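What's in protein.tsv: TSV, C-alpha atoms and all ligand atoms
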chain	number	residue	atom	x	y	z
A	27	MET	CA	0.00	0.00	0.00
A	28	LEU	CA	3.11	2.21	0.12
A	29	ILE	CA	4.40	4.24	-2.80
A	30	LYS	CA	7.80	2.75	-3.55
A	31	LYS	CA	10.78	3.96	-5.53
A	32	ALA	CA	11.89	1.68	-8.38
A	33	GLU	CA	15.06	0.66	-6.55
A	34	ASP	CA	12.97	-0.53	-3.56
A	35	ILE	CA	10.90	-2.93	-5.62
A	36	ARG	CA	11.87	-6.58	-5.58
A	37	SER	CA	11.40	-8.87	-8.56
A	38	SER	CA	8.95	-10.91	-6.47
A	39	GLU	CA	6.67	-7.85	-6.44
A	40	ILE	CA	6.99	-7.08	-10.14
A	41	THR	CA	5.92	-10.63	-10.96
A	42	PRO	CA	2.32	-10.94	-9.80
A	43	LYS	CA	2.49	-12.89	-6.54
A	44	SER	CA	0.12	-15.59	-7.76
A	45	VAL	CA	2.34	-16.30	-10.76
A	46	TYR	CA	5.38	-16.21	-8.53
A	47	LEU	CA	3.78	-18.60	-6.00
A	48	ASN	CA	2.78	-20.99	-8.76
A	49	ARG	CA	6.27	-20.85	-10.23
A	50	ARG	CA	7.66	-21.67	-6.78
A	51	LYS	CA	5.16	-24.51	-6.45
A	52	PHE	CA	6.17	-25.82	-9.86
A	53	LEU	CA	9.87	-25.68	-8.99
A	54	ALA	CA	9.25	-27.29	-5.59
A	55	GLY	CA	7.14	-29.97	-7.26
A	56	ALA	CA	9.85	-30.69	-9.81
A	57	ALA	CA	12.43	-30.98	-7.03
A	58	LEU	CA	10.15	-33.33	-5.05
A	59	ALA	CA	9.50	-35.47	-8.10
A	60	GLY	CA	13.25	-35.81	-8.59
A	61	ALA	CA	13.72	-36.72	-4.93
A	62	ALA	CA	10.88	-39.24	-5.09
A	63	ALA	CA	12.40	-40.89	-8.14
A	64	ALA	CA	15.82	-41.02	-6.49
A	65	THR	CA	14.64	-42.40	-3.14
A	66	GLY	CA	11.76	-44.58	-4.25
A	67	ILE	CA	9.35	-42.75	-1.88
A	68	GLY	CA	5.97	-42.07	-3.50
A	69	LEU	CA	5.36	-38.44	-4.46
A	70	ARG	CA	1.96	-38.45	-2.74
A	71	GLU	CA	3.62	-39.31	0.56
A	72	ILE	CA	5.92	-36.31	0.20
A	73	ILE	CA	3.20	-33.76	-0.58
A	74	SER	CA	0.44	-35.12	1.67
A	75	PRO	CA	-1.39	-32.51	3.85
A	76	SER	CA	0.67	-33.52	6.87
A	77	ALA	CA	3.78	-32.49	4.98
A	78	THR	CA	2.42	-28.96	4.62
A	79	ALA	CA	2.12	-28.93	8.41
A	80	LEU	CA	-0.19	-26.45	10.08
A	81	ALA	CA	1.52	-24.47	12.79
A	82	GLY	CA	-0.85	-23.94	15.70
A	83	ASN	CA	-2.97	-25.86	18.19
A	84	LYS	CA	-6.13	-27.51	16.99
A	85	ILE	CA	-9.36	-25.79	18.13
A	86	ASN	CA	-11.96	-28.23	19.42
A	87	GLY	CA	-15.71	-28.18	18.86
A	88	ILE	CA	-15.76	-26.01	15.75
A	89	GLN	CA	-19.20	-25.68	14.17
A	90	LYS	CA	-19.69	-25.10	10.46
A	91	SER	CA	-21.34	-21.79	9.65
A	92	PRO	CA	-24.11	-21.28	7.09
A	93	LEU	CA	-22.43	-17.93	6.35
A	94	SER	CA	-19.53	-19.74	4.62
A	95	THR	CA	-18.86	-19.49	0.90
A	96	THR	CA	-18.51	-22.77	-1.01
A	97	GLU	CA	-15.66	-21.38	-3.10
A	98	THR	CA	-12.31	-23.17	-3.16
A	99	VAL	CA	-10.24	-22.43	-0.08
A	100	THR	CA	-6.82	-20.86	-0.73
A	101	PRO	CA	-3.96	-23.15	0.39
A	102	TYR	CA	-2.78	-22.51	3.96
A	103	LYS	CA	0.79	-22.01	2.80
A	104	ASP	CA	-0.16	-19.18	0.45
A	105	VAL	CA	-2.37	-17.43	3.02
A	106	THR	CA	0.27	-17.58	5.75
A	107	ASN	CA	3.24	-16.49	3.65
A	108	TYR	CA	1.75	-13.44	1.96
A	109	ASN	CA	0.66	-11.02	4.66
A	110	ASN	CA	0.15	-7.33	5.17
A	111	TYR	CA	1.36	-6.70	8.71
A	112	TYR	CA	3.26	-3.44	8.84
A	113	GLU	CA	4.13	-3.82	12.53
A	114	PHE	CA	6.54	-6.50	11.32
A	115	SER	CA	7.42	-5.46	7.79
A	116	THR	CA	6.14	-3.73	4.69
A	117	GLU	CA	7.20	-6.82	2.68
A	118	LYS	CA	4.48	-9.44	2.38
A	119	ASP	CA	6.76	-12.44	2.67
A	120	GLU	CA	8.43	-11.26	5.89
A	121	PRO	CA	5.75	-11.33	8.65
A	122	ALA	CA	5.72	-15.16	8.52
A	123	LYS	CA	9.37	-15.16	9.57
A	124	LEU	CA	9.55	-12.00	11.72
A	125	ALA	CA	6.39	-12.77	13.76
A	126	GLN	CA	7.43	-16.30	14.69
A	127	LYS	CA	8.49	-15.45	18.25
A	128	PHE	CA	5.80	-12.84	18.91
A	129	ARG	CA	4.31	-13.54	22.38
A	130	THR	CA	0.53	-13.90	22.28
A	131	ARG	CA	0.06	-14.98	25.93
A	132	PRO	CA	-0.59	-13.57	28.44
A	133	TRP	CA	-2.83	-11.18	26.47
A	134	LYS	CA	-5.43	-8.79	27.81
A	135	VAL	CA	-8.08	-6.89	25.89
A	136	LYS	CA	-9.43	-3.67	27.40
A	137	ILE	CA	-13.06	-2.88	26.59
A	138	ASP	CA	-14.18	0.62	27.52
A	139	GLY	CA	-15.67	3.90	26.33
A	140	LEU	CA	-19.44	4.22	26.09
A	141	VAL	CA	-20.38	0.90	27.69
A	142	ASP	CA	-22.02	-0.09	30.96
A	143	LYS	CA	-19.57	-2.89	31.65
A	144	LYS	CA	-16.04	-1.58	31.14
A	145	GLN	CA	-13.56	-4.36	31.68
A	146	GLU	CA	-10.19	-5.85	30.93
A	147	LEU	CA	-10.45	-9.47	29.86
A	148	ASP	CA	-7.97	-12.22	29.26
A	149	VAL	CA	-8.06	-13.19	25.61
A	150	ASP	CA	-8.88	-16.79	26.55
A	151	ALA	CA	-11.96	-15.60	28.44
A	152	ILE	CA	-13.12	-13.78	25.31
A	153	ILE	CA	-12.49	-16.83	23.12
A	154	LYS	CA	-14.73	-18.88	25.43
A	155	MET	CA	-17.67	-16.46	25.22
A	156	ALA	CA	-19.33	-18.36	22.38
A	157	PRO	CA	-18.85	-21.63	20.48
A	158	PRO	CA	-16.21	-21.42	17.73
A	159	GLU	CA	-17.51	-21.42	14.18
A	160	GLU	CA	-15.71	-21.97	10.91
A	161	ARG	CA	-16.55	-19.12	8.54
A	162	ILE	CA	-15.15	-19.52	5.06
A	163	TYR	CA	-14.95	-15.96	3.78
A	164	ARG	CA	-13.61	-14.16	0.74
A	165	HIS	CA	-10.96	-11.66	1.88
A	166	ARG	CA	-10.14	-8.86	-0.62
A	167	CYS	CA	-7.14	-6.62	-0.13
A	168	VAL	CA	-7.34	-3.03	-1.39
A	169	GLU	CA	-4.23	-3.81	-3.43
A	170	GLY	CA	-6.11	-6.22	-5.71
A	171	TRP	CA	-5.36	-9.70	-4.40
A	172	SER	CA	-7.85	-11.95	-2.68
A	173	ILE	CA	-7.98	-15.20	-0.74
A	174	VAL	CA	-10.65	-17.57	0.59
A	175	VAL	CA	-9.98	-18.49	4.21
A	176	PRO	CA	-11.68	-20.80	6.72
A	177	TRP	CA	-11.46	-18.41	9.68
A	178	VAL	CA	-12.46	-19.59	13.17
A	179	GLY	CA	-14.30	-17.29	15.54
A	180	PHE	CA	-17.77	-16.03	16.28
A	181	SER	CA	-19.78	-12.90	15.57
A	182	LEU	CA	-18.30	-9.79	17.11
A	183	SER	CA	-21.82	-8.99	18.32
A	184	GLU	CA	-21.43	-11.77	20.93
A	185	VAL	CA	-18.88	-9.65	22.79
A	186	ILE	CA	-20.63	-6.33	22.15
A	187	LYS	CA	-23.90	-7.66	23.62
A	188	ARG	CA	-22.11	-8.69	26.82
A	189	VAL	CA	-20.64	-5.25	27.56
A	190	ASN	CA	-23.87	-3.25	27.07
A	191	PRO	CA	-22.93	-0.23	24.95
A	192	THR	CA	-24.85	2.88	26.00
A	193	SER	CA	-27.29	4.56	23.60
A	194	LYS	CA	-24.58	7.17	22.85
A	195	ALA	CA	-22.21	4.58	21.37
A	196	LYS	CA	-22.21	5.00	17.58
A	197	PHE	CA	-18.83	3.53	16.63
A	198	VAL	CA	-16.37	0.89	17.81
A	199	GLU	CA	-12.62	1.44	17.66
A	200	PHE	CA	-10.09	-1.40	17.59
A	201	THR	CA	-6.47	-0.85	18.56
A	202	THR	CA	-3.55	-3.19	17.91
A	203	ILE	CA	-0.78	-3.81	20.44
A	204	LEU	CA	2.07	-1.28	20.62
A	205	ASP	CA	5.30	-3.15	21.31
A	206	LYS	CA	8.38	-1.85	19.54
A	207	THR	CA	10.59	-4.48	21.11
A	208	GLN	CA	8.65	-7.30	19.49
A	209	MET	CA	7.44	-5.58	16.35
A	210	PRO	CA	10.34	-4.23	14.30
A	211	GLY	CA	8.04	-2.37	11.89
A	212	GLN	CA	6.89	-0.13	14.76
A	213	GLN	CA	10.43	1.26	14.98
A	214	ARG	CA	9.81	2.90	11.60
A	215	ASN	CA	7.40	5.73	10.86
A	216	VAL	CA	5.71	4.02	7.91
A	217	LEU	CA	2.36	4.37	9.68
A	218	GLU	CA	1.17	6.01	12.87
A	219	TRP	CA	1.35	3.42	15.69
A	220	PRO	CA	-0.53	1.69	17.15
A	221	TYR	CA	-2.69	0.52	14.22
A	222	VAL	CA	-6.29	1.65	14.70
A	223	GLU	CA	-9.45	0.65	12.87
A	224	GLY	CA	-13.11	1.35	13.38
A	225	LEU	CA	-16.62	0.33	12.46
A	226	ARG	CA	-20.02	1.93	12.80
A	227	MET	CA	-22.08	0.18	15.50
A	228	ASP	CA	-24.52	-1.39	13.03
A	229	GLU	CA	-21.57	-2.71	10.97
A	230	ALA	CA	-19.95	-4.17	14.07
A	231	MET	CA	-23.24	-5.79	15.09
A	232	HIS	CA	-23.81	-7.37	11.66
A	233	PRO	CA	-23.66	-11.18	11.95
A	234	LEU	CA	-20.94	-11.35	9.26
A	235	ALA	CA	-18.48	-9.26	11.32
A	236	LEU	CA	-16.24	-11.85	12.90
A	237	LEU	CA	-14.13	-11.84	16.03
A	238	CYS	CA	-11.46	-14.22	14.88
A	239	PHE	CA	-8.91	-16.35	16.74
A	240	GLY	CA	-8.23	-19.22	14.37
A	241	MET	CA	-7.96	-20.42	10.80
A	242	TYR	CA	-7.88	-23.82	9.09
A	243	GLY	CA	-9.09	-25.39	12.34
A	244	GLU	CA	-6.18	-24.11	14.41
A	245	ASP	CA	-5.06	-21.05	16.40
A	246	LEU	CA	-4.29	-18.02	14.25
A	247	PRO	CA	-0.66	-17.97	13.17
A	248	ASN	CA	1.10	-14.85	14.47
A	249	GLN	CA	1.44	-13.32	11.00
A	250	ASP	CA	-2.35	-13.53	10.54
A	251	GLY	CA	-3.16	-11.58	13.69
A	252	ALA	CA	-2.85	-13.87	16.72
A	253	PRO	CA	-4.18	-14.04	19.28
A	254	ILE	CA	-7.30	-12.12	18.22
A	255	ARG	CA	-8.37	-9.95	15.30
A	256	ILE	CA	-11.48	-8.89	13.46
A	257	ILE	CA	-12.56	-9.96	9.98
A	258	VAL	CA	-14.99	-7.75	8.08
A	259	PRO	CA	-15.45	-9.67	4.83
A	260	TRP	CA	-17.34	-7.01	2.86
A	261	LYS	CA	-14.62	-4.42	3.41
A	262	TYR	CA	-11.07	-4.12	2.11
A	263	GLY	CA	-8.63	-6.16	4.18
A	264	PHE	CA	-7.08	-3.20	6.02
A	265	LYS	CA	-10.30	-2.80	8.07
A	266	SER	CA	-9.62	-6.24	9.59
A	267	ALA	CA	-7.20	-5.20	12.35
A	268	LYS	CA	-4.86	-7.81	13.81
A	269	ALA	CA	-3.59	-8.42	17.37
A	270	ILE	CA	-6.23	-6.32	19.12
A	271	VAL	CA	-5.68	-5.10	22.71
A	272	HIS	CA	-8.34	-2.42	23.02
A	273	ILE	CA	-11.99	-2.17	21.95
A	274	ARG	CA	-13.46	1.28	22.61
A	275	PHE	CA	-17.04	2.43	22.08
A	276	THR	CA	-17.41	6.04	21.04
A	277	ASP	CA	-19.84	8.63	19.69
A	278	LYS	CA	-17.32	9.92	17.11
A	279	GLN	CA	-16.10	8.22	13.97
A	280	PRO	CA	-12.66	6.79	14.84
A	281	LEU	CA	-9.63	8.00	12.93
A	282	ASN	CA	-8.33	4.86	11.28
A	283	THR	CA	-4.63	4.44	10.57
A	284	TRP	CA	-4.74	4.18	6.78
A	285	ASN	CA	-7.09	7.15	6.58
A	286	ILE	CA	-4.64	9.22	8.64
A	287	SER	CA	-1.80	8.07	6.40
A	288	ALA	CA	-3.47	8.78	3.02
A	289	PRO	CA	-6.97	10.26	3.40
A	290	MET	CA	-7.58	10.55	-0.35
A	291	GLU	CA	-6.81	6.86	-0.85
A	292	TYR	CA	-8.27	5.07	2.17
A	293	GLY	CA	-11.60	6.08	3.60
A	294	PHE	CA	-13.35	5.09	6.80
A	295	TYR	CA	-15.93	2.84	5.15
A	296	SER	CA	-13.73	1.05	2.61
A	297	ASN	CA	-16.46	-1.26	1.45
A	298	VAL	CA	-15.27	-3.44	-1.42
A	299	ASN	CA	-16.62	-1.56	-4.44
A	300	PRO	CA	-15.62	-2.36	-8.03
A	301	ASN	CA	-17.21	0.92	-9.18
A	302	VAL	CA	-14.97	3.20	-7.13
A	303	ASP	CA	-11.35	3.16	-8.23
A	304	HIS	CA	-8.49	3.67	-5.86
A	305	PRO	CA	-6.82	6.96	-7.00
A	306	ARG	CA	-3.85	4.95	-8.28
A	307	TRP	CA	-5.53	1.81	-9.67
A	308	SER	CA	-8.82	0.23	-10.69
A	309	GLN	CA	-10.72	-1.89	-8.18
A	310	ALA	CA	-12.82	-3.65	-10.84
A	311	LYS	CA	-10.86	-6.92	-10.75
A	312	GLU	CA	-8.84	-9.00	-8.37
A	313	ARG	CA	-6.36	-11.84	-8.53
A	314	ARG	CA	-6.94	-14.76	-6.22
A	315	LEU	CA	-3.63	-16.00	-4.80
A	316	GLY	CA	-2.58	-19.06	-6.75
A	317	GLU	CA	-4.57	-18.16	-9.90
A	318	PHE	CA	-3.22	-16.67	-13.13
A	319	SER	CA	-6.13	-14.70	-14.49
A	320	LYS	CA	-8.08	-11.98	-12.75
A	321	ARG	CA	-11.75	-12.24	-11.81
A	322	PRO	CA	-14.29	-9.45	-11.45
A	323	THR	CA	-14.57	-7.95	-7.98
A	324	LEU	CA	-18.10	-8.05	-6.57
A	325	MET	CA	-19.91	-5.21	-4.81
A	326	PHE	CA	-19.47	-5.65	-1.03
A	327	ASN	CA	-17.13	-8.52	-1.99
A	328	GLY	CA	-20.27	-10.51	-2.84
A	329	TYR	CA	-21.83	-10.05	0.64
A	330	ASP	CA	-25.07	-8.47	-0.61
A	331	GLN	CA	-26.72	-8.95	2.78
A	332	VAL	CA	-24.92	-5.82	4.06
A	333	ALA	CA	-26.27	-3.50	1.33
A	334	SER	CA	-29.11	-2.24	3.56
A	335	LEU	CA	-26.53	-0.83	6.02
A	336	TYR	CA	-25.65	1.76	3.39
A	337	SER	CA	-28.98	2.53	1.78
A	338	GLY	CA	-29.24	6.22	0.92
A	339	MET	CA	-25.47	6.76	1.26
A	340	ASP	CA	-23.31	7.97	-1.61
A	341	LEU	CA	-20.64	5.27	-1.64
A	342	LYS	CA	-18.42	7.32	-3.97
A	343	LYS	CA	-18.18	10.02	-1.31
A	344	ASN	CA	-18.17	7.58	1.60
A	345	PHE	CA	-15.46	5.37	0.12
B	401	LIG	N1	-3.61	-5.19	11.16
B	401	LIG	C1	-2.50	-4.68	11.69
B	401	LIG	N2	-2.40	-4.58	13.03
B	401	LIG	N3	-1.45	-4.27	10.93
B	401	LIG	C2	-1.50	-4.33	9.55
B	401	LIG	O1	-0.53	-3.91	8.88
B	401	LIG	N4	-2.82	-4.94	7.60
B	401	LIG	C3	-4.20	-5.02	7.07
B	401	LIG	C4	-5.04	-6.00	7.86
B	401	LIG	N5	-4.85	-5.86	9.29
B	401	LIG	C5	-2.68	-4.86	8.95
B	401	LIG	C6	-3.71	-5.31	9.82
B	401	LIG	C7	-4.26	-5.34	5.65
B	401	LIG	S1	-3.77	-4.11	4.57
B	401	LIG	C8	-4.72	-6.53	5.19
B	401	LIG	S2	-4.95	-6.79	3.52
B	401	LIG	C9	-5.03	-7.65	6.11
B	401	LIG	O2	-4.72	-7.33	7.46
B	401	LIG	C10	-4.24	-8.88	5.73
B	401	LIG	O3	-4.63	-9.98	6.54
B	401	LIG	P1	-3.92	-11.38	6.33
B	401	LIG	O4	-2.44	-11.16	6.42
B	401	LIG	O5	-4.43	-12.31	7.39
B	401	LIG	O6	-4.29	-11.85	4.94
As structure tokens, what does this structure read like?
Amino acid sequence: MLIKKAEDIRSSEITPKSVYLNRRKFLAGAALAGAAAATGIGLREIISPSATALAGNKINGIQKSPLSTTETVTPYKDVTNYNNYYEFSTEKDEPAKLAQKFRTRPWKVKIDGLVDKKQELDVDAIIKMAPPEERIYRHRCVEGWSIVVPWVGFSLSEVIKRVNPTSKAKFVEFTTILDKTQMPGQQRNVLEWPYVEGLRMDEAMHPLALLCFGMYGEDLPNQDGAPIRIIVPWKYGFKSAKAIVHIRFTDKQPLNTWNISAPMEYGFYSNVNPNVDHPRWSQAKERRLGEFSKRPTLMFNGYDQVASLYSGMDLKKNF
């Protein structure tokens, strides 16, 4: 999302990532085939799912959600090695490596502002508030790539209901942890830290808005926002803040980090909208990681059930 000088751009960025990932897969596959031939081990044994090991702890009792898409899920390896997480790096292939030792326990989340029940909760107490669901969602980054991920969590409304927002609460603000010692990206002024995002109350209460603590049946990997993040599938990915430590209810629209950084490029709403171009590129199409050709981007990322939240609003102005 940064403007880069030519000398800063790596060849892996010039080649579309999906092509690059597929090329890597092809090369890895060719190497494996050679190894299989040489050792007599069957190729299927080498590339079985267990060989692409998941990293975290398995989450028990996950229920399937009717809100899931039936589209093909993006491979775990692609999703967890191509991340926007500026607290670690502005390079998408680096959070997987740089976040490995990030400590996600003990972890407290402060909930305050315009609520009856202000509190500070242990993340594990929050995770136990409702049964975990698997929600397979499309996830569309403002930069034009998309993925389909089986997130694990439950509706954000489950937590909001328990803290009783007052009638004055119109927005919810989410703040990421500030920890320069663990997050090397926070030692640079690429963004204002900590990372802040926000939703209108009715957006936050929508059943699709997910409080997320897992993916692919396991705990969230650190690079994907462990221990807890939000996922707002009808909005561009930057609205889905990772590693949240503070949820604040307010009567004023929160100033979100990307809006502070480039107000003409990143609005507060940031609903996926193929009809409103980003000032520097079209938003009409997207490339799913692992695919060669682009596909059309859908209004609200295909989540038509949120359209009524914006009826009467000019979505060109409120981008
Ligand atoms: N949250 C924090 N704290 N820091 C970030 O840099 N990047 C955002 C969002 N949440 C970001 C963040 C952007 S731009 C995107 S596209 C998504 O996270 C990427 O989520 P993923 O890495 O799980 O695909």
Write out as a PyMOL selection string each polymer residue whose atoms come within 8 Å of Gly293 of chain A, counting all atoms listed in the file; drop sequence neighbours fewer than 4 positions from it. chain A and resi 284-285+289+344-345
Output, as lines of an AutoDock Vina configuration file, the centre and edge lengths in Å (one decimal) of the axis-aligned box that contains all listed atoms of segment 163-166 of chain A with 3 Å of margin on each side.
center_x = -12.5
center_y = -12.4
center_z = 1.6
size_x = 10.8
size_y = 13.1
size_z = 10.4
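Comparing A:Arg226, A:Lys265, A:Lys154, A:Arg188 by their smallest distance to ligand LIG 401 (chain B), the closest is A:Lys265 (using all atoms listed in the file).
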Just to confirm, what's the straight-line distance from atom CA of Leu236 of chain A to atom CA of Thr323 of chain A in Å (one decimal)? 21.3 Å
Report the closest atom pair, with its distance in Å rounded to one decimal, for each residue of chain A that has an atom no farther than 8 Å from ligand LIG 401 (chain B); count all atoms listed in the file, sort by chain and then rising residue number, and write it as JSON lines.
{"residue": "A:Met27", "atom": "CA", "partner": "B:LIG401", "partner_atom": "S1", "distance": 7.2}
{"residue": "A:Val105", "atom": "CA", "partner": "B:LIG401", "partner_atom": "O6", "distance": 6.2}
{"residue": "A:Thr106", "atom": "CA", "partner": "B:LIG401", "partner_atom": "O4", "distance": 7.0}
{"residue": "A:Tyr108", "atom": "CA", "partner": "B:LIG401", "partner_atom": "O4", "distance": 6.5}
{"residue": "A:Asn109", "atom": "CA", "partner": "B:LIG401", "partner_atom": "O4", "distance": 3.6}
{"residue": "A:Asn110", "atom": "CA", "partner": "B:LIG401", "partner_atom": "N4", "distance": 4.5}
{"residue": "A:Tyr111", "atom": "CA", "partner": "B:LIG401", "partner_atom": "O1", "distance": 3.4}
{"residue": "A:Tyr112", "atom": "CA", "partner": "B:LIG401", "partner_atom": "O1", "distance": 3.8}
{"residue": "A:Glu113", "atom": "CA", "partner": "B:LIG401", "partner_atom": "N3", "distance": 5.8}
{"residue": "A:Phe114", "atom": "CA", "partner": "B:LIG401", "partner_atom": "O1", "distance": 7.9}
{"residue": "A:Thr116", "atom": "CA", "partner": "B:LIG401", "partner_atom": "O1", "distance": 7.9}
{"residue": "A:His165", "atom": "CA", "partner": "B:LIG401", "partner_atom": "O6", "distance": 7.3}
{"residue": "A:Arg166", "atom": "CA", "partner": "B:LIG401", "partner_atom": "S2", "distance": 7.0}
{"residue": "A:Cys167", "atom": "CA", "partner": "B:LIG401", "partner_atom": "S2", "distance": 4.3}
{"residue": "A:Val168", "atom": "CA", "partner": "B:LIG401", "partner_atom": "S2", "distance": 6.6}
{"residue": "A:Glu169", "atom": "CA", "partner": "B:LIG401", "partner_atom": "S2", "distance": 7.6}
{"residue": "A:Ile173", "atom": "CA", "partner": "B:LIG401", "partner_atom": "O6", "distance": 7.6}
{"residue": "A:Thr201", "atom": "CA", "partner": "B:LIG401", "partner_atom": "N2", "distance": 7.8}
{"residue": "A:Thr202", "atom": "CA", "partner": "B:LIG401", "partner_atom": "N2", "distance": 5.2}
{"residue": "A:Ile203", "atom": "CA", "partner": "B:LIG401", "partner_atom": "N2", "distance": 7.6}
{"residue": "A:Pro220", "atom": "CA", "partner": "B:LIG401", "partner_atom": "N2", "distance": 7.7}
{"residue": "A:Tyr221", "atom": "CA", "partner": "B:LIG401", "partner_atom": "N2", "distance": 5.2}
{"residue": "A:Val222", "atom": "CA", "partner": "B:LIG401", "partner_atom": "N2", "distance": 7.5}
{"residue": "A:Gln249", "atom": "CA", "partner": "B:LIG401", "partner_atom": "O4", "distance": 6.4}
{"residue": "A:Asp250", "atom": "CA", "partner": "B:LIG401", "partner_atom": "O5", "distance": 4.0}
{"residue": "A:Gly251", "atom": "CA", "partner": "B:LIG401", "partner_atom": "O5", "distance": 6.5}
{"residue": "A:Arg255", "atom": "CA", "partner": "B:LIG401", "partner_atom": "N1", "distance": 7.9}
{"residue": "A:Tyr262", "atom": "CA", "partner": "B:LIG401", "partner_atom": "S2", "distance": 6.8}
{"residue": "A:Gly263", "atom": "CA", "partner": "B:LIG401", "partner_atom": "S2", "distance": 3.8}
{"residue": "A:Phe264", "atom": "CA", "partner": "B:LIG401", "partner_atom": "C7", "distance": 3.6}
{"residue": "A:Lys265", "atom": "CA", "partner": "B:LIG401", "partner_atom": "C4", "distance": 6.2}
{"residue": "A:Ser266", "atom": "CA", "partner": "B:LIG401", "partner_atom": "N5", "distance": 4.8}
{"residue": "A:Ala267", "atom": "CA", "partner": "B:LIG401", "partner_atom": "N1", "distance": 3.8}
{"residue": "A:Lys268", "atom": "CA", "partner": "B:LIG401", "partner_atom": "N1", "distance": 3.9}
{"residue": "A:Ala269", "atom": "CA", "partner": "B:LIG401", "partner_atom": "N2", "distance": 5.9}
{"residue": "A:Ile270", "atom": "CA", "partner": "B:LIG401", "partner_atom": "N2", "distance": 7.4}
Can you spit out the residues from that selection as a PDB file, keeping the file's coordinate frame, using C-alpha atoms?
ATOM      1  CA  MET A  27       0.000   0.000   0.000  1.00  0.00           C
ATOM      2  CA  VAL A 105      -2.370 -17.430   3.020  1.00  0.00           C
ATOM      3  CA  THR A 106       0.270 -17.580   5.750  1.00  0.00           C
ATOM      4  CA  TYR A 108       1.750 -13.440   1.960  1.00  0.00           C
ATOM      5  CA  ASN A 109       0.660 -11.020   4.660  1.00  0.00           C
ATOM      6  CA  ASN A 110       0.150  -7.330   5.170  1.00  0.00           C
ATOM      7  CA  TYR A 111       1.360  -6.700   8.710  1.00  0.00           C
ATOM      8  CA  TYR A 112       3.260  -3.440   8.840  1.00  0.00           C
ATOM      9  CA  GLU A 113       4.130  -3.820  12.530  1.00  0.00           C
ATOM     10  CA  PHE A 114       6.540  -6.500  11.320  1.00  0.00           C
ATOM     11  CA  THR A 116       6.140  -3.730   4.690  1.00  0.00           C
ATOM     12  CA  HIS A 165     -10.960 -11.660   1.880  1.00  0.00           C
ATOM     13  CA  ARG A 166     -10.140  -8.860  -0.620  1.00  0.00           C
ATOM     14  CA  CYS A 167      -7.140  -6.620  -0.130  1.00  0.00           C
ATOM     15  CA  VAL A 168      -7.340  -3.030  -1.390  1.00  0.00           C
ATOM     16  CA  GLU A 169      -4.230  -3.810  -3.430  1.00  0.00           C
ATOM     17  CA  ILE A 173      -7.980 -15.200  -0.740  1.00  0.00           C
ATOM     18  CA  THR A 201      -6.470  -0.850  18.560  1.00  0.00           C
ATOM     19  CA  THR A 202      -3.550  -3.190  17.910  1.00  0.00           C
ATOM     20  CA  ILE A 203      -0.780  -3.810  20.440  1.00  0.00           C
ATOM     21  CA  PRO A 220      -0.530   1.690  17.150  1.00  0.00           C
ATOM     22  CA  TYR A 221      -2.690   0.520  14.220  1.00  0.00           C
ATOM     23  CA  VAL A 222      -6.290   1.650  14.700  1.00  0.00           C
ATOM     24  CA  GLN A 249       1.440 -13.320  11.000  1.00  0.00           C
ATOM     25  CA  ASP A 250      -2.350 -13.530  10.540  1.00  0.00           C
ATOM     26  CA  GLY A 251      -3.160 -11.580  13.690  1.00  0.00           C
ATOM     27  CA  ARG A 255      -8.370  -9.950  15.300  1.00  0.00           C
ATOM     28  CA  TYR A 262     -11.070  -4.120   2.110  1.00  0.00           C
ATOM     29  CA  GLY A 263      -8.630  -6.160   4.180  1.00  0.00           C
ATOM     30  CA  PHE A 264      -7.080  -3.200   6.020  1.00  0.00           C
ATOM     31  CA  LYS A 265     -10.300  -2.800   8.070  1.00  0.00           C
ATOM     32  CA  SER A 266      -9.620  -6.240   9.590  1.00  0.00           C
ATOM     33  CA  ALA A 267      -7.200  -5.200  12.350  1.00  0.00           C
ATOM     34  CA  LYS A 268      -4.860  -7.810  13.810  1.00  0.00           C
ATOM     35  CA  ALA A 269      -3.590  -8.420  17.370  1.00  0.00           C
ATOM     36  CA  ILE A 270      -6.230  -6.320  19.120  1.00  0.00           C
TER      37      ILE A 270
END
Contact residues around Pro210 of chain A with all atoms listed in the file at 10 Å, ignoring same-chain residues under 2 positions, as a PyMOL selection string: chain A and resi 112-115+124-125+205-208+212-214
Which value, in Å to one decimal, gives the distance between atom CA of Ser94 of chain A and atom CA of Glu160 of chain A? 7.7 Å
Using atom CA of Asn297 of chain A and atom CA of Thr283 of chain A as the two end points, give the distance in Å to one decimal.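 Distance between the two atoms: 16.0 Å.
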Do you know which residues are at most 9 Å from Leu281 of chain A counting all atoms listed in the file, after dropping those on the same chain fewer than 5 positions away, and could you put them as an MDAnalysis selection string? chainID A and resid 199 222:224 286 294
Serialized selection, C-alpha atoms, as a short mmCIF file (atom, residue, chain, number, x, y, z; two decimals), in the frame of the given file:
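File selection13.cif, as written:
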data_model
loop_
_atom_site.label_atom_id
_atom_site.label_comp_id
_atom_site.auth_asym_id
_atom_site.auth_seq_id
_atom_site.Cartn_x
_atom_site.Cartn_y
_atom_site.Cartn_z
CA GLU A 199 -12.62 1.44 17.66
CA VAL A 222 -6.29 1.65 14.70
CA GLU A 223 -9.45 0.65 12.87
CA GLY A 224 -13.11 1.35 13.38
CA ILE A 286 -4.64 9.22 8.64
CA PHE A 294 -13.35 5.09 6.80
#
Expected answer as a compact mmCIF listing (two decimals) with C-alpha atoms, in the frame of the given file: all residues with atoms within 8 Å of (-20.4, -2.0, 30.0), all atoms listed in the file:
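As a result, part28.txt now contains:
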# COMPACT_ATOMS: atom_id res chain seq x y z
CA ASP A 138 -14.18 0.62 27.52
CA LEU A 140 -19.44 4.22 26.09
CA VAL A 141 -20.38 0.90 27.69
CA ASP A 142 -22.02 -0.09 30.96
CA LYS A 143 -19.57 -2.89 31.65
CA LYS A 144 -16.04 -1.58 31.14
CA GLN A 145 -13.56 -4.36 31.68
CA ARG A 188 -22.11 -8.69 26.82
CA VAL A 189 -20.64 -5.25 27.56
CA ASN A 190 -23.87 -3.25 27.07
CA PRO A 191 -22.93 -0.23 24.95
CA THR A 192 -24.85 2.88 26.00
